[in-house]
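**Student:** If it helps, the file is called target_20.pdb and holds PDB, C-alpha atoms, pLDDT in the B column:
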```
ATOM      1  CA  MET A  24     -23.558   0.500   7.331  1.00 88.00           C
ATOM      2  CA  ASN A  25     -22.271   2.617   4.442  1.00 94.00           C
ATOM      3  CA  ILE A  26     -18.956   1.287   3.056  1.00 94.00           C
ATOM      4  CA  GLU A  27     -17.210   3.428   0.452  1.00 96.00           C
ATOM      5  CA  MET A  28     -13.889   3.809  -1.317  1.00 97.00           C
ATOM      6  CA  ARG A  29     -13.157   7.257  -2.688  1.00 97.00           C
ATOM      7  CA  ASN A  30     -10.349   9.605  -3.587  1.00 97.00           C
ATOM      8  CA  GLY A  31      -8.893  11.450  -0.639  1.00 97.00           C
ATOM      9  CA  THR A  32      -9.101  15.233  -0.481  1.00 98.00           C
ATOM     10  CA  LEU A  33      -6.841  17.778   1.175  1.00 97.00           C
ATOM     11  CA  GLU A  34      -9.464  18.068   3.927  1.00 98.00           C
ATOM     12  CA  ASP A  35      -8.935  14.345   4.659  1.00 98.00           C
ATOM     13  CA  VAL A  36      -5.151  14.569   5.158  1.00 98.00           C
ATOM     14  CA  GLU A  37      -5.318  15.030   8.932  1.00 97.00           C
ATOM     15  CA  GLY A  38      -7.472  11.889   9.297  1.00 96.00           C
ATOM     16  CA  MET A  39      -5.149   9.944   6.984  1.00 97.00           C
ATOM     17  CA  MET A  40      -2.110  10.997   8.989  1.00 97.00           C
ATOM     18  CA  GLN A  41      -3.791   9.894  12.236  1.00 96.00           C
ATOM     19  CA  ILE A  42      -4.294   6.404  10.783  1.00 96.00           C
ATOM     20  CA  ILE A  43      -0.755   6.296   9.373  1.00 96.00           C
ATOM     21  CA  ASN A  44       0.716   7.383  12.721  1.00 95.00           C
ATOM     22  CA  ARG A  45      -1.328   4.789  14.645  1.00 95.00           C
ATOM     23  CA  ALA A  46      -0.261   2.117  12.148  1.00 95.00           C
ATOM     24  CA  ARG A  47       3.380   3.214  12.467  1.00 94.00           C
ATOM     25  CA  ASN A  48       3.155   2.892  16.263  1.00 94.00           C
ATOM     26  CA  LYS A  49       1.626  -0.579  15.944  1.00 93.00           C
ATOM     27  CA  LEU A  50       4.401  -1.626  13.555  1.00 93.00           C
ATOM     28  CA  ALA A  51       7.019  -0.432  16.037  1.00 92.00           C
ATOM     29  CA  ALA A  52       5.298  -2.272  18.900  1.00 92.00           C
ATOM     30  CA  SER A  53       5.362  -5.479  16.828  1.00 91.00           C
ATOM     31  CA  GLY A  54       9.116  -5.147  16.252  1.00 91.00           C
ATOM     32  CA  SER A  55       8.906  -3.977  12.641  1.00 91.00           C
ATOM     33  CA  PRO A  56      11.103  -1.013  11.652  1.00 91.00           C
ATOM     34  CA  GLN A  57       8.823  -0.273   8.671  1.00 92.00           C
ATOM     35  CA  TRP A  58       7.694   3.379   8.582  1.00 92.00           C
ATOM     36  CA  SER A  59      10.348   4.442  11.056  1.00 86.00           C
ATOM     37  CA  ASP A  60      12.964   7.069  10.368  1.00 78.00           C
ATOM     38  CA  GLU A  61      13.417   7.822   6.651  1.00 79.00           C
ATOM     39  CA  ASP A  62      10.495   5.782   5.339  1.00 83.00           C
ATOM     40  CA  THR A  63       7.848   7.360   7.570  1.00 88.00           C
ATOM     41  CA  PRO A  64       5.008   8.613   5.353  1.00 92.00           C
ATOM     42  CA  LYS A  65       5.234  12.391   5.490  1.00 94.00           C
ATOM     43  CA  GLU A  66       2.269  14.729   5.349  1.00 96.00           C
ATOM     44  CA  GLU A  67       3.692  16.702   2.412  1.00 97.00           C
ATOM     45  CA  ASP A  68       4.063  13.465   0.412  1.00 95.00           C
ATOM     46  CA  ILE A  69       0.476  12.462   1.204  1.00 97.00           C
ATOM     47  CA  ARG A  70      -0.742  15.931   0.166  1.00 97.00           C
ATOM     48  CA  ARG A  71       1.159  15.668  -3.123  1.00 97.00           C
ATOM     49  CA  GLU A  72      -0.405  12.266  -3.876  1.00 97.00           C
ATOM     50  CA  VAL A  73      -3.877  13.597  -3.005  1.00 98.00           C
ATOM     51  CA  GLU A  74      -3.349  16.469  -5.453  1.00 98.00           C
ATOM     52  CA  LYS A  75      -2.316  13.980  -8.169  1.00 97.00           C
ATOM     53  CA  GLY A  76      -5.460  11.919  -7.504  1.00 97.00           C
ATOM     54  CA  ASN A  77      -3.433   8.885  -6.366  1.00 97.00           C
ATOM     55  CA  ASN A  78      -4.769   8.625  -2.798  1.00 98.00           C
ATOM     56  CA  TYR A  79      -7.742   6.433  -1.935  1.00 98.00           C
ATOM     57  CA  LEU A  80      -9.718   6.196   1.278  1.00 98.00           C
ATOM     58  CA  PHE A  81     -11.767   3.368   2.697  1.00 98.00           C
ATOM     59  CA  THR A  82     -14.612   4.736   4.788  1.00 97.00           C
ATOM     60  CA  ILE A  83     -17.408   3.278   6.881  1.00 95.00           C
ATOM     61  CA  ASN A  84     -20.272   5.628   7.654  1.00 95.00           C
ATOM     62  CA  GLU A  85     -18.065   8.449   6.347  1.00 94.00           C
ATOM     63  CA  GLN A  86     -15.331   7.701   8.920  1.00 95.00           C
ATOM     64  CA  ILE A  87     -11.863   7.066   7.426  1.00 96.00           C
ATOM     65  CA  ILE A  88     -10.862   3.472   8.142  1.00 96.00           C
ATOM     66  CA  GLY A  89      -8.012   3.064   5.657  1.00 97.00           C
ATOM     67  CA  THR A  90      -5.782   4.896   3.220  1.00 98.00           C
ATOM     68  CA  ALA A  91      -3.575   3.856   0.307  1.00 98.00           C
ATOM     69  CA  ILE A  92      -1.801   5.302  -2.707  1.00 98.00           C
ATOM     70  CA  ILE A  93      -1.826   3.792  -6.179  1.00 97.00           C
ATOM     71  CA  THR A  94       0.647   5.198  -8.648  1.00 96.00           C
ATOM     72  CA  ASN A  95       1.675   4.367 -12.208  1.00 93.00           C
ATOM     73  CA  GLU A  96       5.098   5.895 -11.659  1.00 92.00           C
ATOM     74  CA  GLU A  97       7.938   3.417 -12.017  1.00 90.00           C
ATOM     75  CA  GLU A  98       9.354   2.330  -8.660  1.00 92.00           C
ATOM     76  CA  PRO A  99      13.178   2.606  -8.924  1.00 92.00           C
ATOM     77  CA  ALA A 100      13.757   0.030  -6.147  1.00 93.00           C
ATOM     78  CA  TYR A 101      11.870  -2.562  -8.197  1.00 95.00           C
ATOM     79  CA  SER A 102      14.532  -2.543 -10.931  1.00 93.00           C
ATOM     80  CA  SER A 103      16.748  -4.803  -8.820  1.00 94.00           C
ATOM     81  CA  ILE A 104      15.188  -7.835  -7.160  1.00 96.00           C
ATOM     82  CA  ARG A 105      16.986 -10.607  -5.269  1.00 95.00           C
ATOM     83  CA  TYR A 106      15.967 -14.207  -4.667  1.00 95.00           C
ATOM     84  CA  GLY A 107      13.466 -14.098  -7.505  1.00 94.00           C
ATOM     85  CA  ASP A 108      12.294 -12.192 -10.567  1.00 95.00           C
ATOM     86  CA  TRP A 109       9.354 -10.139 -11.725  1.00 95.00           C
ATOM     87  CA  ASP A 110       7.145 -11.830 -14.295  1.00 93.00           C
ATOM     88  CA  THR A 111       7.518  -9.481 -17.262  1.00 85.00           C
ATOM     89  CA  SER A 112       5.805 -11.717 -19.810  1.00 79.00           C
ATOM     90  CA  GLN A 113       2.423  -9.975 -19.714  1.00 76.00           C
ATOM     91  CA  GLU A 114       2.792  -6.202 -19.272  1.00 66.00           C
ATOM     92  CA  ASP A 115       5.312  -3.427 -19.683  1.00 68.00           C
ATOM     93  CA  ASN A 116       3.638  -1.023 -17.249  1.00 80.00           C
ATOM     94  CA  TYR A 117       2.478  -1.629 -13.719  1.00 92.00           C
ATOM     95  CA  ALA A 118       0.804   0.238 -10.900  1.00 95.00           C
ATOM     96  CA  THR A 119       2.136   0.145  -7.369  1.00 97.00           C
ATOM     97  CA  ILE A 120       0.223   0.252  -4.108  1.00 98.00           C
ATOM     98  CA  HIS A 121       2.022   2.268  -1.425  1.00 96.00           C
ATOM     99  CA  LYS A 122       1.312   3.475   2.105  1.00 96.00           C
ATOM    100  CA  PHE A 123      -1.570   1.062   2.690  1.00 97.00           C
ATOM    101  CA  ALA A 124      -2.866   1.485   6.236  1.00 97.00           C
ATOM    102  CA  ILE A 125      -5.962   0.461   8.166  1.00 97.00           C
ATOM    103  CA  ASN A 126      -6.879   2.024  11.496  1.00 96.00           C
ATOM    104  CA  PRO A 127      -5.270  -0.410  13.983  1.00 93.00           C
ATOM    105  CA  ASP A 128      -8.057   0.233  16.493  1.00 91.00           C
ATOM    106  CA  ILE A 129     -10.305  -2.005  14.363  1.00 90.00           C
ATOM    107  CA  ASN A 130      -7.819  -4.657  13.196  1.00 82.00           C
ATOM    108  CA  GLY A 131      -8.945  -8.236  12.829  1.00 86.00           C
ATOM    109  CA  LYS A 132     -12.322  -7.530  11.226  1.00 91.00           C
ATOM    110  CA  GLY A 133     -11.297  -8.119   7.605  1.00 94.00           C
ATOM    111  CA  TYR A 134     -11.277  -4.438   6.628  1.00 96.00           C
ATOM    112  CA  GLY A 135      -7.742  -4.642   5.221  1.00 96.00           C
ATOM    113  CA  LYS A 136      -8.739  -7.469   2.884  1.00 97.00           C
ATOM    114  CA  MET A 137     -11.931  -5.646   1.895  1.00 97.00           C
ATOM    115  CA  PHE A 138     -10.047  -2.414   1.131  1.00 97.00           C
ATOM    116  CA  MET A 139      -7.451  -4.303  -0.907  1.00 98.00           C
ATOM    117  CA  LYS A 140     -10.204  -5.994  -2.953  1.00 97.00           C
ATOM    118  CA  LEU A 141     -11.800  -2.619  -3.642  1.00 97.00           C
ATOM    119  CA  LEU A 142      -8.455  -1.153  -4.727  1.00 98.00           C
ATOM    120  CA  LEU A 143      -7.859  -4.081  -7.092  1.00 97.00           C
ATOM    121  CA  PHE A 144     -11.380  -3.816  -8.500  1.00 96.00           C
ATOM    122  CA  MET A 145     -10.820  -0.106  -9.153  1.00 96.00           C
ATOM    123  CA  CYS A 146      -7.507  -0.882 -10.893  1.00 95.00           C
ATOM    124  CA  GLU A 147      -9.205  -3.457 -13.074  1.00 94.00           C
ATOM    125  CA  GLU A 148     -11.946  -0.965 -13.980  1.00 94.00           C
ATOM    126  CA  LYS A 149      -9.238   1.519 -15.024  1.00 92.00           C
ATOM    127  CA  GLY A 150      -7.618  -1.092 -17.266  1.00 92.00           C
ATOM    128  CA  ILE A 151      -4.569  -1.643 -15.071  1.00 93.00           C
ATOM    129  CA  LYS A 152      -3.360  -5.199 -15.617  1.00 92.00           C
ATOM    130  CA  GLU A 153      -0.364  -5.519 -13.303  1.00 95.00           C
ATOM    131  CA  ILE A 154      -0.032  -4.457  -9.659  1.00 97.00           C
ATOM    132  CA  ARG A 155       3.076  -4.550  -7.492  1.00 97.00           C
ATOM    133  CA  ILE A 156       3.370  -4.021  -3.755  1.00 98.00           C
ATOM    134  CA  ASP A 157       6.001  -4.509  -1.076  1.00 97.00           C
ATOM    135  CA  THR A 158       6.188  -4.726   2.690  1.00 97.00           C
ATOM    136  CA  HIS A 159       8.749  -5.279   5.403  1.00 96.00           C
ATOM    137  CA  PRO A 160       9.565  -8.921   6.259  1.00 96.00           C
ATOM    138  CA  LYS A 161       8.325  -8.339   9.829  1.00 95.00           C
ATOM    139  CA  ASN A 162       4.956  -6.894   8.752  1.00 95.00           C
ATOM    140  CA  ARG A 163       3.069 -10.184   8.927  1.00 94.00           C
ATOM    141  CA  ALA A 164      -0.387  -8.579   8.930  1.00 93.00           C
ATOM    142  CA  MET A 165       0.263  -6.823   5.616  1.00 96.00           C
ATOM    143  CA  GLN A 166       1.798  -9.973   4.134  1.00 97.00           C
ATOM    144  CA  HIS A 167      -1.441 -11.779   5.005  1.00 96.00           C
ATOM    145  CA  VAL A 168      -3.570  -9.108   3.298  1.00 97.00           C
ATOM    146  CA  ILE A 169      -1.327  -9.160   0.208  1.00 98.00           C
ATOM    147  CA  LEU A 170      -1.313 -12.949  -0.164  1.00 98.00           C
ATOM    148  CA  SER A 171      -5.049 -13.197   0.550  1.00 98.00           C
ATOM    149  CA  ALA A 172      -5.655 -10.842  -2.390  1.00 98.00           C
ATOM    150  CA  GLY A 173      -3.853 -13.249  -4.732  1.00 97.00           C
ATOM    151  CA  PHE A 174      -0.458 -11.572  -5.028  1.00 98.00           C
ATOM    152  CA  LYS A 175       2.550 -13.841  -5.570  1.00 98.00           C
ATOM    153  CA  PHE A 176       5.848 -13.413  -3.721  1.00 98.00           C
ATOM    154  CA  LYS A 177       8.469 -12.434  -6.302  1.00 98.00           C
ATOM    155  CA  GLY A 178      11.625 -11.769  -4.271  1.00 98.00           C
ATOM    156  CA  ILE A 179      13.278  -9.137  -2.112  1.00 98.00           C
ATOM    157  CA  ILE A 180      13.929  -5.515  -3.003  1.00 97.00           C
ATOM    158  CA  GLN A 181      16.004  -2.940  -1.162  1.00 95.00           C
ATOM    159  CA  LEU A 182      14.708   0.561  -0.565  1.00 92.00           C
ATOM    160  CA  PRO A 183      17.438   3.227  -0.313  1.00 89.00           C
ATOM    161  CA  PHE A 184      17.621   3.573   3.479  1.00 87.00           C
ATOM    162  CA  GLU A 185      18.413   1.623   6.634  1.00 85.00           C
ATOM    163  CA  ASN A 186      15.987  -1.290   7.213  1.00 88.00           C
ATOM    164  CA  GLY A 187      14.854  -0.915   3.591  1.00 90.00           C
ATOM    165  CA  GLU A 188      14.597  -4.634   2.835  1.00 95.00           C
ATOM    166  CA  ARG A 189      11.107  -5.460   1.547  1.00 97.00           C
ATOM    167  CA  TYR A 190       9.273  -8.534   0.341  1.00 98.00           C
ATOM    168  CA  ALA A 191       8.001  -7.798  -3.162  1.00 98.00           C
ATOM    169  CA  TYR A 192       4.749  -9.133  -4.633  1.00 98.00           C
ATOM    170  CA  GLN A 193       3.045  -9.047  -8.022  1.00 97.00           C
ATOM    171  CA  LEU A 194      -0.485  -9.636  -9.263  1.00 97.00           C
ATOM    172  CA  PHE A 195      -1.891  -9.757 -12.781  1.00 96.00           C
ATOM    173  CA  LEU A 196      -5.542  -8.809 -13.072  1.00 93.00           C
ATOM    174  CA  THR A 197      -7.698 -10.600 -15.633  1.00 80.00           C
TER     175      THR A 197
END
```
Spit out the file's structure as structure tokens when you get a sec.
**Tutor:**
Amino acid sequence: MNIEMRNGTLEDVEGMMQIINRARNKLAASGSPQWSDEDTPKEEDIRREVEKGNNYLFTINEQIIGTAIITNEEEPAYSSIRYGDWDTSQEDNYATIHKFAINPDINGKGYGKMFMKLLLFMCEEKGIKEIRIDTHPKNRAMQHVILSAGFKFKGIIQLPFENGERYAYQLFLT
């Protein structure tokens, strides 16, 4: 078995969108409004992130299993957090993981945790010290992946659309 994490290319976008769409359908079936309506990951946004070099793929035997975006751009929604606070004692800059998705056809095998560990290792290798991530309160599977990776719950943020409430997490890498 050949497991790899690599940057996505424009040729990979169709495969990424298939995984994102399957994940969106699974979220809807579980009762989560995440990735519905305005917050659905759009192909043009994925293409833009690929062109910036911010998209990463998790592959097994060259088949795309997962996709995620890591960006150093400040997340405006993170400037206001309720029921908690960001720990700002260690870093001024942070990276954010967005649009993390694993092919739901193979859920339950630990691939989400493995992909997250690879993403964090890559961040550490690049000298990134602080990572933030958020997910919908009803997305229990993603919450499990986030907490298993060592992130700490920091509060609740509000994205600028209906059903935009998100649990926010933070991790400092050593």
**Student:** Have a look at atom CA of Asn78 of chain A and atom CA of Pro127 of chain A and let me know their distance in Å, one decimal.
**Tutor:** 19.1 Å
**Student:** Please expand the PyMOL selection byres ((chain A and resi 93) around 12) into the concrete residues it hits in this file, giving the result as a PyMOL selection string.
**Tutor:** chain A and resi 30-31+69+72-73+75-80+90-92+94-98+117-123+139+142-143+145-146+149+151+153-156
**Student:** Carefully work through the PyMOL selection byres ((chain A and resi 81) around 8) for this structure and note down the residues it includes, as a list in words.
**Tutor:**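 Taken over the shown coordinates, the PyMOL selection byres ((chain A and resi 81) around 8) returns Ile26, Glu27, Met28, Arg29, Tyr79, Leu80, Thr82, Ile83, Ile87, Ile88, Gly89, Thr90 and Phe138 of chain A.
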**Student:** If we count all atoms listed in the file, what is near Glu61 of chain A at a cut-off of 12 Å, once residues fewer than 6 positions away on the same chain are taken out, given as a PyMOL selection string?
**Tutor:** chain A and resi 182-187
**Student:** Which residues, named as in the file, does the PyMOL selection byres ((chain A and resi 171) around 12) pick out? Answer as a VMD selection string.
**Tutor:** chain A and resid 133 135 to 140 164 to 170 172 to 176 192 194
**Student:** At a cut-off of 9 Å, can you tabulate as JSON lines every residue of segment 92-128 of chain A near segment 46-58 of chain A together with its closest atom pair and the distance in Å to one decimal, using only C-alpha atoms and ordering rows by chain then number?
**Tutor:**
```
{"residue": "A:Ala124", "atom": "CA", "partner": "A:Ala46", "partner_atom": "CA", "distance": 6.5}
{"residue": "A:Ile125", "atom": "CA", "partner": "A:Ala46", "partner_atom": "CA", "distance": 7.1}
{"residue": "A:Asn126", "atom": "CA", "partner": "A:Ala46", "partner_atom": "CA", "distance": 6.7}
{"residue": "A:Pro127", "atom": "CA", "partner": "A:Ala46", "partner_atom": "CA", "distance": 5.9}
```
**Student:** Interatomic distance between atom CA of Glu37 of chain A and atom CA of Asn25 of chain A?
**Tutor:**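 Those two atoms sit 21.5 Å apart.
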